[in-house]
>>> print(open('protein_38.cif').read())   # mmCIF, C-alpha atoms
data_coords
loop_
_atom_site.group_PDB
_atom_site.id
_atom_site.type_symbol
_atom_site.label_atom_id
_atom_site.label_comp_id
_atom_site.auth_asym_id
_atom_site.auth_seq_id
_atom_site.Cartn_x
_atom_site.Cartn_y
_atom_site.Cartn_z
ATOM 1 C CA ALA J 3 -9.367 24.680 -6.694
ATOM 2 C CA ARG J 4 -10.934 21.642 -5.001
ATOM 3 C CA ILE J 5 -13.134 23.887 -2.874
ATOM 4 C CA ILE J 6 -14.526 25.579 -5.952
ATOM 5 C CA ALA J 7 -14.900 22.368 -7.940
ATOM 6 C CA ASP J 8 -16.728 20.595 -5.112
ATOM 7 C CA LEU J 9 -19.051 23.547 -4.510
ATOM 8 C CA GLN J 10 -19.899 23.685 -8.216
ATOM 9 C CA ARG J 11 -20.528 19.924 -8.257
ATOM 10 C CA THR J 12 -22.921 20.278 -5.330
ATOM 11 C CA ILE J 13 -24.835 23.065 -7.055
ATOM 12 C CA HIS J 14 -24.813 21.893 -10.664
ATOM 13 C CA ASP J 15 -24.785 18.088 -10.251
ATOM 14 C CA ASN J 16 -26.947 17.878 -7.127
ATOM 15 C CA VAL J 17 -24.414 15.701 -5.286
ATOM 16 C CA ARG J 18 -23.057 15.706 -1.747
ATOM 17 C CA THR J 19 -19.401 16.786 -1.584
ATOM 18 C CA ALA J 20 -16.701 16.947 1.076
ATOM 19 C CA THR J 21 -13.482 18.971 1.050
ATOM 20 C CA GLU J 22 -10.561 19.332 3.450
ATOM 21 C CA TYR J 23 -8.766 22.681 3.437
ATOM 22 C CA ARG J 24 -7.125 25.271 5.652
ATOM 23 C CA VAL J 25 -8.771 28.379 7.092
ATOM 24 C CA LYS J 26 -7.034 31.333 8.693
ATOM 25 C CA SER J 27 -7.513 31.811 12.432
ATOM 26 C CA ASP J 28 -5.908 33.938 15.146
ATOM 27 C CA HIS J 29 -3.246 31.232 15.570
ATOM 28 C CA GLY J 30 -2.476 30.644 11.905
ATOM 29 C CA TYR J 31 -4.120 28.229 9.500
ATOM 30 C CA ARG J 32 -6.249 25.320 10.703
ATOM 31 C CA TRP J 33 -7.542 22.281 8.819
ATOM 32 C CA VAL J 34 -11.300 21.835 8.485
ATOM 33 C CA ARG J 35 -13.505 19.366 6.640
ATOM 34 C CA ILE J 36 -16.617 20.781 4.979
ATOM 35 C CA LEU J 37 -19.579 18.627 3.924
ATOM 36 C CA ARG J 38 -22.168 20.079 1.534
ATOM 37 C CA GLU J 39 -25.679 18.707 1.062
ATOM 38 C CA PRO J 40 -27.752 20.034 -1.894
ATOM 39 C CA ILE J 41 -31.492 20.640 -1.487
ATOM 40 C CA TRP J 42 -33.279 19.961 -4.769
ATOM 41 C CA ASP J 43 -36.539 21.642 -5.780
ATOM 42 C CA GLU J 44 -38.612 19.449 -8.108
ATOM 43 C CA ALA J 45 -40.807 22.328 -9.235
ATOM 44 C CA GLU J 46 -37.884 24.531 -10.284
ATOM 45 C CA GLN J 47 -35.671 21.551 -11.235
ATOM 46 C CA ARG J 48 -32.589 22.997 -9.581
ATOM 47 C CA VAL J 49 -30.701 23.142 -6.319
ATOM 48 C CA ILE J 50 -32.197 25.935 -4.228
ATOM 49 C CA HIS J 51 -30.253 25.450 -0.978
ATOM 50 C CA VAL J 52 -26.899 24.063 0.102
ATOM 51 C CA LEU J 53 -26.613 22.861 3.677
ATOM 52 C CA GLY J 54 -23.099 22.677 5.008
ATOM 53 C CA THR J 55 -21.322 21.293 8.053
ATOM 54 C CA VAL J 56 -17.760 22.127 8.999
ATOM 55 C CA LYS J 57 -15.556 19.978 11.243
ATOM 56 C CA ASP J 58 -12.292 21.137 12.809
ATOM 57 C CA ILE J 59 -9.810 18.359 11.863
ATOM 58 C CA ASN J 60 -6.598 20.172 12.759
ATOM 59 C CA SER J 61 -5.659 17.640 15.464
ATOM 60 C CA GLU J 62 -6.356 14.768 13.077
ATOM 61 C CA LYS J 63 -4.119 16.306 10.396
ATOM 62 C CA GLU J 64 -1.319 16.972 12.875
ATOM 63 C CA SER J 65 -1.509 13.328 14.002
ATOM 64 C CA GLU J 66 -1.350 12.147 10.383
ATOM 65 C CA MET J 67 1.732 14.261 9.705
ATOM 66 C CA ALA J 68 3.407 13.072 12.916
ATOM 67 C CA LEU J 69 2.678 9.467 11.939
ATOM 68 C CA ALA J 70 4.110 9.992 8.452
ATOM 69 C CA GLU J 71 7.305 11.457 9.919
ATOM 70 C CA SER J 72 7.544 8.577 12.397
ATOM 71 C CA GLN J 73 7.090 6.001 9.633
ATOM 72 C CA GLN J 74 9.762 7.719 7.540
ATOM 73 C CA ARG J 75 12.221 7.589 10.446
ATOM 74 C CA TYR J 76 11.330 3.922 10.968
ATOM 75 C CA ARG J 77 12.009 3.116 7.306
ATOM 76 C CA GLU J 78 15.336 4.942 7.385
ATOM 77 C CA VAL J 79 16.457 2.994 10.457
ATOM 78 C CA THR J 80 15.252 -0.402 9.235
ATOM 79 C CA GLU J 81 17.153 0.104 5.983
ATOM 80 C CA LEU J 82 20.352 0.044 8.049
ATOM 81 C CA MET J 83 19.590 -2.978 10.203
ATOM 82 C CA SER J 84 17.819 -6.332 10.267
ATOM 83 C CA ASP J 85 16.656 -8.835 12.869
ATOM 84 C CA TYR J 86 18.300 -11.791 11.195
ATOM 85 C CA ALA J 87 20.322 -12.534 8.070
ATOM 86 C CA LEU J 88 21.261 -15.633 6.161
ATOM 87 C CA SER J 89 23.228 -16.700 3.126
ATOM 88 C CA LEU J 90 21.903 -19.134 0.535
ATOM 89 C CA MET J 91 24.235 -20.958 -1.854
ATOM 90 C CA ILE J 92 23.143 -22.148 -5.292
ATOM 91 C CA VAL J 93 24.781 -25.506 -6.002
ATOM 92 C CA ASP J 94 23.794 -27.406 -9.169
ATOM 93 C CA GLY J 95 20.458 -25.634 -9.193
ATOM 94 C CA ALA J 96 19.695 -26.521 -5.572
ATOM 95 C CA ILE J 97 19.446 -23.983 -2.749
ATOM 96 C CA LYS J 98 21.464 -24.663 0.404
ATOM 97 C CA LEU J 99 21.863 -22.599 3.540
ATOM 98 C CA ASN J 100 25.413 -21.359 4.065
ATOM 99 C CA TRP J 101 25.015 -19.490 7.370
ATOM 100 C CA VAL J 102 22.466 -17.656 9.493
ATOM 101 C CA VAL J 103 22.912 -14.953 12.162
ATOM 102 C CA GLY J 104 20.559 -12.981 14.381
ATOM 103 C CA SER J 105 17.266 -13.721 16.129
ATOM 104 C CA LEU J 106 15.774 -16.035 13.519
ATOM 105 C CA GLU J 107 14.457 -18.538 16.046
ATOM 106 C CA GLN J 108 12.877 -15.859 18.228
ATOM 107 C CA ILE J 109 11.047 -14.269 15.275
ATOM 108 C CA THR J 110 10.076 -17.327 13.250
ATOM 109 C CA GLY J 111 10.107 -20.109 15.845
ATOM 110 C CA VAL J 112 12.385 -22.130 13.549
ATOM 111 C CA VAL J 113 15.616 -23.582 14.955
ATOM 112 C CA PRO J 114 18.601 -22.571 12.751
ATOM 113 C CA GLN J 115 19.836 -26.172 12.555
ATOM 114 C CA THR J 116 16.506 -27.146 11.004
ATOM 115 C CA ILE J 117 17.110 -24.712 8.146
ATOM 116 C CA LEU J 118 20.632 -26.042 7.679
ATOM 117 C CA ASP J 119 19.125 -29.476 7.133
ATOM 118 C CA ASP J 120 16.229 -28.249 4.979
ATOM 119 C CA PRO J 121 16.107 -24.593 3.764
ATOM 120 C CA SER J 122 12.544 -25.121 2.475
ATOM 121 C CA VAL J 123 11.310 -25.026 6.100
ATOM 122 C CA LEU J 124 10.947 -21.264 5.787
ATOM 123 C CA ARG J 125 8.606 -21.778 2.844
ATOM 124 C CA HIS J 126 6.395 -24.012 4.976
ATOM 125 C CA ILE J 127 5.644 -21.232 7.483
ATOM 126 C CA THR J 128 4.855 -18.605 4.831
ATOM 127 C CA HIS J 129 1.265 -17.393 4.740
ATOM 128 C CA PRO J 130 -0.556 -19.080 1.808
ATOM 129 C CA ASP J 131 -1.634 -15.708 0.383
ATOM 130 C CA ASP J 132 2.008 -14.614 0.149
ATOM 131 C CA ASP J 133 3.481 -17.855 -1.166
ATOM 132 C CA THR J 134 3.145 -16.883 -4.850
ATOM 133 C CA THR J 135 4.845 -13.523 -4.214
ATOM 134 C CA LEU J 136 7.646 -15.252 -2.322
ATOM 135 C CA GLU J 137 8.216 -17.684 -5.200
ATOM 136 C CA ALA J 138 8.233 -14.859 -7.770
ATOM 137 C CA ASP J 139 10.722 -12.803 -5.753
ATOM 138 C CA LEU J 140 13.048 -15.763 -5.351
ATOM 139 C CA HIS J 141 13.073 -16.306 -9.115
ATOM 140 C CA LYS J 142 13.832 -12.626 -9.673
ATOM 141 C CA THR J 143 16.770 -12.814 -7.262
ATOM 142 C CA LEU J 144 18.155 -15.928 -8.930
ATOM 143 C CA LYS J 145 18.091 -13.980 -12.193
ATOM 144 C CA GLY J 146 20.159 -11.217 -10.598
ATOM 145 C CA GLU J 147 17.527 -8.758 -9.343
ATOM 146 C CA LYS J 148 17.454 -7.234 -5.870
ATOM 147 C CA THR J 149 14.090 -7.595 -4.152
ATOM 148 C CA THR J 150 12.470 -6.089 -1.066
ATOM 149 C CA THR J 151 9.066 -7.443 -0.099
ATOM 150 C CA GLU J 152 6.842 -7.721 2.956
ATOM 151 C CA TYR J 153 5.509 -11.176 3.835
ATOM 152 C CA ARG J 154 3.409 -12.804 6.501
ATOM 153 C CA ILE J 155 4.559 -15.952 8.245
ATOM 154 C CA PHE J 156 3.101 -18.205 10.900
ATOM 155 C CA HIS J 157 5.365 -18.454 13.927
ATOM 156 C CA ALA J 158 6.382 -22.126 13.991
ATOM 157 C CA LYS J 159 5.608 -22.470 17.704
ATOM 158 C CA THR J 160 2.878 -19.964 18.586
ATOM 159 C CA LYS J 161 1.188 -19.996 15.127
ATOM 160 C CA LYS J 162 0.789 -16.226 15.462
ATOM 161 C CA ILE J 163 0.947 -14.248 12.216
ATOM 162 C CA CYS J 164 4.130 -12.160 11.960
ATOM 163 C CA TRP J 165 5.132 -9.644 9.304
ATOM 164 C CA LEU J 166 8.635 -9.612 7.817
ATOM 165 C CA ARG J 167 10.339 -7.193 5.459
ATOM 166 C CA VAL J 168 12.775 -9.332 3.468
ATOM 167 C CA LYS J 169 15.625 -8.005 1.321
ATOM 168 C CA ARG J 170 17.570 -10.231 -1.078
ATOM 169 C CA GLN J 171 20.916 -9.413 -2.664
ATOM 170 C CA PRO J 172 22.159 -11.700 -5.475
ATOM 171 C CA ILE J 173 25.886 -12.492 -5.681
ATOM 172 C CA TRP J 174 27.210 -13.346 -9.148
ATOM 173 C CA ASN J 175 30.073 -15.690 -10.044
ATOM 174 C CA ASP J 176 33.388 -14.234 -11.227
ATOM 175 C CA ASN J 177 32.324 -14.268 -14.885
ATOM 176 C CA HIS J 178 28.984 -12.699 -14.018
ATOM 177 C CA THR J 179 27.133 -15.481 -15.836
ATOM 178 C CA HIS J 180 24.904 -16.736 -13.046
ATOM 179 C CA VAL J 181 24.016 -16.146 -9.402
ATOM 180 C CA VAL J 182 25.917 -18.366 -6.969
ATOM 181 C CA ARG J 183 24.734 -16.942 -3.669
ATOM 182 C CA VAL J 184 21.863 -14.911 -2.215
ATOM 183 C CA LEU J 185 22.187 -12.744 0.886
ATOM 184 C CA VAL J 186 18.927 -12.348 2.804
ATOM 185 C CA ALA J 187 18.172 -9.795 5.539
ATOM 186 C CA ALA J 188 14.819 -9.899 7.336
ATOM 187 C CA SER J 189 13.260 -7.389 9.729
ATOM 188 C CA ASP J 190 10.299 -8.050 12.009
ATOM 189 C CA ILE J 191 7.738 -5.341 11.147
ATOM 190 C CA THR J 192 4.776 -6.907 12.981
ATOM 191 C CA ALA J 193 4.393 -3.979 15.390
ATOM 192 C CA GLU J 194 4.483 -1.494 12.499
ATOM 193 C CA LYS J 195 1.811 -3.428 10.588
ATOM 194 C CA GLU J 196 -0.422 -3.782 13.632
ATOM 195 C CA SER J 197 -0.130 -0.019 14.209
ATOM 196 C CA GLU J 198 -1.111 0.657 10.594
ATOM 197 C CA ILE J 199 -4.151 -1.603 10.909
ATOM 198 C CA ALA J 200 -5.139 0.026 14.205
ATOM 199 C CA LEU J 201 -4.735 3.471 12.615
ATOM 200 C CA ARG J 202 -6.958 2.553 9.656
ATOM 201 C CA GLU J 203 -9.614 1.219 12.019
ATOM 202 C CA SER J 204 -9.359 4.388 14.118
ATOM 203 C CA GLU J 205 -9.647 6.599 11.036
ATOM 204 C CA GLU J 206 -12.713 4.669 9.900
ATOM 205 C CA ARG J 207 -14.349 5.153 13.294
ATOM 206 C CA TYR J 208 -13.433 8.861 13.140
ATOM 207 C CA ARG J 209 -15.031 9.222 9.707
ATOM 208 C CA LEU J 210 -18.212 7.535 10.887
ATOM 209 C CA VAL J 211 -18.406 9.770 13.954
ATOM 210 C CA SER J 212 -17.494 12.963 12.077
ATOM 211 C CA GLN J 213 -20.390 12.337 9.706
ATOM 212 C CA LEU J 214 -22.735 12.650 12.678
ATOM 213 C CA ILE J 215 -21.200 15.697 14.369
ATOM 214 C CA SER J 216 -19.801 19.057 13.289
ATOM 215 C CA ASP J 217 -18.287 22.172 14.820
ATOM 216 C CA TYR J 218 -20.495 24.560 12.923
ATOM 217 C CA VAL J 219 -23.328 24.337 10.402
ATOM 218 C CA PHE J 220 -24.486 26.785 7.761
ATOM 219 C CA SER J 221 -27.069 27.208 5.014
ATOM 220 C CA ILE J 222 -26.522 29.005 1.706
ATOM 221 C CA LYS J 223 -29.532 30.262 -0.264
ATOM 222 C CA LEU J 224 -29.181 30.057 -4.048
ATOM 223 C CA TYR J 225 -31.192 32.354 -6.308
ATOM 224 C CA GLU J 226 -32.376 31.631 -9.808
ATOM 225 C CA ASP J 227 -29.758 33.979 -11.256
ATOM 226 C CA LEU J 228 -27.107 31.807 -9.465
ATOM 227 C CA SER J 229 -26.286 34.507 -6.941
ATOM 228 C CA SER J 230 -26.217 33.377 -3.333
ATOM 229 C CA GLU J 231 -26.093 34.455 0.287
ATOM 230 C CA VAL J 232 -25.538 32.861 3.662
ATOM 231 C CA GLU J 233 -28.877 32.362 5.450
ATOM 232 C CA TRP J 234 -27.650 31.248 8.839
ATOM 233 C CA ILE J 235 -24.719 29.814 10.773
ATOM 234 C CA ALA J 236 -24.887 27.827 13.989
ATOM 235 C CA GLY J 237 -22.177 26.352 16.181
ATOM 236 C CA ALA J 238 -18.516 27.177 16.855
ATOM 237 C CA PHE J 239 -17.903 29.428 13.832
ATOM 238 C CA GLU J 240 -16.373 32.216 15.905
ATOM 239 C CA GLN J 241 -14.259 29.811 17.978
ATOM 240 C CA ILE J 242 -12.743 28.140 14.902
ATOM 241 C CA THR J 243 -12.288 31.155 12.619
ATOM 242 C CA GLY J 244 -11.871 33.894 15.228
ATOM 243 C CA LEU J 245 -14.455 36.052 13.412
ATOM 244 C CA PRO J 246 -17.843 37.365 14.544
ATOM 245 C CA THR J 247 -20.669 35.402 12.937
ATOM 246 C CA GLU J 248 -22.091 38.456 11.185
ATOM 247 C CA THR J 249 -18.940 38.878 9.078
ATOM 248 C CA ILE J 250 -19.885 35.902 6.930
ATOM 249 C CA TYR J 251 -23.262 37.310 5.924
ATOM 250 C CA ARG J 252 -23.629 39.073 2.626
ATOM 251 C CA PRO J 253 -22.707 41.724 1.635
ATOM 252 C CA ASN J 254 -19.604 41.598 3.889
ATOM 253 C CA LEU J 255 -17.458 40.198 1.094
ATOM 254 C CA ASN J 256 -14.546 42.357 2.260
ATOM 255 C CA GLN J 257 -14.215 40.095 5.316
ATOM 256 C CA LEU J 258 -13.353 37.004 3.266
ATOM 257 C CA PRO J 259 -9.583 37.685 3.234
ATOM 258 C CA ASN J 260 -9.565 37.445 7.046
ATOM 259 C CA TYR J 261 -10.387 33.745 7.058
ATOM 260 C CA THR J 262 -9.541 32.554 3.537
ATOM 261 C CA PRO J 263 -5.982 31.793 2.275
ATOM 262 C CA PRO J 264 -4.917 34.567 -0.132
ATOM 263 C CA ASP J 265 -4.569 32.261 -3.129
ATOM 264 C CA ALA J 266 -8.114 30.966 -2.629
ATOM 265 C CA TYR J 267 -9.862 34.280 -1.849
ATOM 266 C CA VAL J 268 -10.827 35.242 -5.390
ATOM 267 C CA ARG J 269 -11.916 31.721 -6.331
ATOM 268 C CA VAL J 270 -13.995 31.269 -3.174
ATOM 269 C CA SER J 271 -15.708 34.639 -3.487
ATOM 270 C CA ASP J 272 -16.475 34.033 -7.176
ATOM 271 C CA ALA J 273 -18.004 30.631 -6.434
ATOM 272 C CA VAL J 274 -20.029 31.663 -3.372
ATOM 273 C CA TYR J 275 -21.277 34.949 -4.810
ATOM 274 C CA LYS J 276 -21.425 33.967 -8.464
ATOM 275 C CA LYS J 277 -23.979 35.900 -10.472
#
>>> encode(input="protein_38.cif", output="structure tokens")
Amino acid sequence: ARIIADLQRTIHDNVRTATEYRVKSDHGYRWVRILREPIWDEAEQRVIHVLGTVKDINSEKESEMALAESQQRYREVTELMSDYALSLMIVDGAIKLNWVVGSLEQITGVVPQTILDDPSVLRHITHPDDDTTLEADLHKTLKGEKTTTEYRIFHAKTKKICWLRVKRQPIWNDNHTHVVRVLVAASDITAEKESEIALRESEERYRLVSQLISDYVFSIKLYEDLSSEVEWIAGAFEQITGLPTETIYRPNLNQLPNYTPPDAYVRVSDAVYKK
């Protein structure tokens, strides 16, 4: 449906469109990205040509799916473990540290004894942009809500920014009238965040490069009666689709099923050869 909608937008609205979809090849379906550029004729006041470029993005898609699976496994594991944990007691409205275990000092740079003397030390190393969120989550927990949030902190010794995923579990008193303790588990997710940032930067570079290159290029001629035909194709069309170039030229409509998913065949043929 997106293929058809984007093609119609290019033709009728005179706008550039891009679509990612699968095409059938000798080795199954492959992902491609198609960019369409309308050519407007001022005299006829309509789009008379559509220039297209197609990029093979199968490797990119496979990498994205592998990353998603890896991130899911990471989330499942981190839900079962933490790098450090602590217990906060609520006494007469004041928050006091009960105990702390794990690698708190290694991750935050804060000595556990310092927190025992002054629990607010952890607030002092929180990134300013996350301080409001931290305060809001603490209030939610004190009201009896579980919270899970990601924060940035400044390592107390190196001053390096670190990312933490912090989970809070409120513990009620026997009468369930107010929260008397809060269990906190924190996981260092700095490496995960840095990988996400690096991935976004890599994807942005890929998009910029892919706008300048393509695996094959084509031109579609549009007639006044809205019928159309492929004028020419250049590049790796045969390598990507496994079909001879001449099969795409009109009137070889019977070749479309060989490189178009079955559910899209009728829609694609209707849009490309619409009369």
>>> closest_residue(input="protein_38.cif", among="J:Thr19, J:Lys98, J:Val93, J:Arg207", to="Ala7 in chain J", atoms="all atoms listed in the file")
J:Thr19
>>> atom_distance(input="protein_38.cif", atom1="CA of Trp42 in chain J", atom2="CA of Phe220 in chain J")
16.8 Å
>>> closest_residue(input="protein_38.cif", among="J:Asp85, J:Asp227, J:Asp176, J:Glu206", to="Ala188 in chain J", atoms="all atoms listed in the file")
J:Asp85
>>> resolve_selection(input="protein_38.cif", expression="the PyMOL selection byres ((chain J and resi 182-185) around 6)", output="list in words")
Ser89, Leu90, Met91, Ile92, Arg170, Gln171, Pro172, Ile173, Trp174, Asn175, Val181 and Val186 of chain J
>>> atom_distance(input="protein_38.cif", atom1="CA of Ile97 in chain J", atom2="CA of Ser122 in chain J")
8.7 Å
>>> residues_near_point(input="protein_38.cif", point="(1.7, -1.8, 12.8)", cutoff="12 Å", atoms="only C-alpha atoms", output="PDB file with C-alpha atoms, in the frame of the given file")
ATOM      1  CA  LEU J  69       2.678   9.467  11.939  1.00  0.00           C
ATOM      2  CA  SER J  72       7.544   8.577  12.397  1.00  0.00           C
ATOM      3  CA  GLN J  73       7.090   6.001   9.633  1.00  0.00           C
ATOM      4  CA  TYR J  76      11.330   3.922  10.968  1.00  0.00           C
ATOM      5  CA  CYS J 164       4.130 -12.160  11.960  1.00  0.00           C
ATOM      6  CA  TRP J 165       5.132  -9.644   9.304  1.00  0.00           C
ATOM      7  CA  LEU J 166       8.635  -9.612   7.817  1.00  0.00           C
ATOM      8  CA  ASP J 190      10.299  -8.050  12.009  1.00  0.00           C
ATOM      9  CA  ILE J 191       7.738  -5.341  11.147  1.00  0.00           C
ATOM     10  CA  THR J 192       4.776  -6.907  12.981  1.00  0.00           C
ATOM     11  CA  ALA J 193       4.393  -3.979  15.390  1.00  0.00           C
ATOM     12  CA  GLU J 194       4.483  -1.494  12.499  1.00  0.00           C
ATOM     13  CA  LYS J 195       1.811  -3.428  10.588  1.00  0.00           C
ATOM     14  CA  GLU J 196      -0.422  -3.782  13.632  1.00  0.00           C
ATOM     15  CA  SER J 197      -0.130  -0.019  14.209  1.00  0.00           C
ATOM     16  CA  GLU J 198      -1.111   0.657  10.594  1.00  0.00           C
ATOM     17  CA  ILE J 199      -4.151  -1.603  10.909  1.00  0.00           C
ATOM     18  CA  ALA J 200      -5.139   0.026  14.205  1.00  0.00           C
ATOM     19  CA  LEU J 201      -4.735   3.471  12.615  1.00  0.00           C
ATOM     20  CA  ARG J 202      -6.958   2.553   9.656  1.00  0.00           C
ATOM     21  CA  GLU J 203      -9.614   1.219  12.019  1.00  0.00           C
TER      22      GLU J 203
END
>>> residues_around(input="protein_38.cif", residues="Leu140 in chain J", least_positions_apart="4", cutoff="9 Å", atoms="all atoms listed in the file", output="MDAnalysis selection string")
chainID J and resid 135:136 144:145 149 170
>>> closest_residue(input="protein_38.cif", among="J:Asp139, J:Glu248, J:Asp8, J:Glu147", to="Trp234 in chain J", atoms="all atoms listed in the file")
J:Glu248
>>> atom_distance(input="protein_38.cif", atom1="CA of Leu106 in chain J", atom2="CA of Gly146 in chain J")
25.0 Å
>>> residues_around(input="protein_38.cif", residues="range 51-61 of chain J", least_positions_apart="3", cutoff="9 Å", atoms="only C-alpha atoms", output="PyMOL selection string")
chain J and resi 12-13+22+24+32-43+64-66+212+215-225+239+242
>>> write_last_selection(input="protein_38.cif", atoms="C-alpha atoms", output="short mmCIF file (atom, residue, chain, number, x, y, z; two decimals), in the coordinates of the input")
data_model
loop_
_atom_site.label_atom_id
_atom_site.label_comp_id
_atom_site.auth_asym_id
_atom_site.auth_seq_id
_atom_site.Cartn_x
_atom_site.Cartn_y
_atom_site.Cartn_z
CA THR J 12 -22.92 20.28 -5.33
CA ILE J 13 -24.84 23.06 -7.06
CA GLU J 22 -10.56 19.33 3.45
CA ARG J 24 -7.12 25.27 5.65
CA ARG J 32 -6.25 25.32 10.70
CA TRP J 33 -7.54 22.28 8.82
CA VAL J 34 -11.30 21.84 8.48
CA ARG J 35 -13.50 19.37 6.64
CA ILE J 36 -16.62 20.78 4.98
CA LEU J 37 -19.58 18.63 3.92
CA ARG J 38 -22.17 20.08 1.53
CA GLU J 39 -25.68 18.71 1.06
CA PRO J 40 -27.75 20.03 -1.89
CA ILE J 41 -31.49 20.64 -1.49
CA TRP J 42 -33.28 19.96 -4.77
CA ASP J 43 -36.54 21.64 -5.78
CA GLU J 64 -1.32 16.97 12.88
CA SER J 65 -1.51 13.33 14.00
CA GLU J 66 -1.35 12.15 10.38
CA SER J 212 -17.49 12.96 12.08
CA ILE J 215 -21.20 15.70 14.37
CA SER J 216 -19.80 19.06 13.29
CA ASP J 217 -18.29 22.17 14.82
CA TYR J 218 -20.50 24.56 12.92
CA VAL J 219 -23.33 24.34 10.40
CA PHE J 220 -24.49 26.78 7.76
CA SER J 221 -27.07 27.21 5.01
CA ILE J 222 -26.52 29.00 1.71
CA LYS J 223 -29.53 30.26 -0.26
CA LEU J 224 -29.18 30.06 -4.05
CA TYR J 225 -31.19 32.35 -6.31
CA PHE J 239 -17.90 29.43 13.83
CA ILE J 242 -12.74 28.14 14.90
#
>>> closest_residue(input="protein_38.cif", among="J:Pro121, J:Leu9, J:Lys26, J:Gly111", to="Ala96 in chain J", atoms="only C-alpha atoms")
J:Pro121
>>> closest_residue(input="protein_38.cif", among="J:Leu88, J:Tyr23, J:Val17, J:Ile163", to="Lys63 in chain J", atoms="only C-alpha atoms")
J:Tyr23
>>> closest_residue(input="protein_38.cif", among="J:His180, J:Lys162, J:Arg154, J:Arg18", to="Asp133 in chain J", atoms="all atoms listed in the file")
J:Arg154
>>> axis_aligned_box(input="protein_38.cif", around="range 36-44 of chain J", padding_each_side="8 Å", output="AutoDock Vina command-line options")
--center_x -27.6 --center_y 20.1 --center_z -1.6 --size_x 38.0 --size_y 19.0 --size_z 29.1
>>> resolve_selection(input="protein_38.cif", expression="the PyMOL selection byres ((chain J and resi 151) around 6)", output="PyMOL selection string")
chain J and resi 150+152+167-168
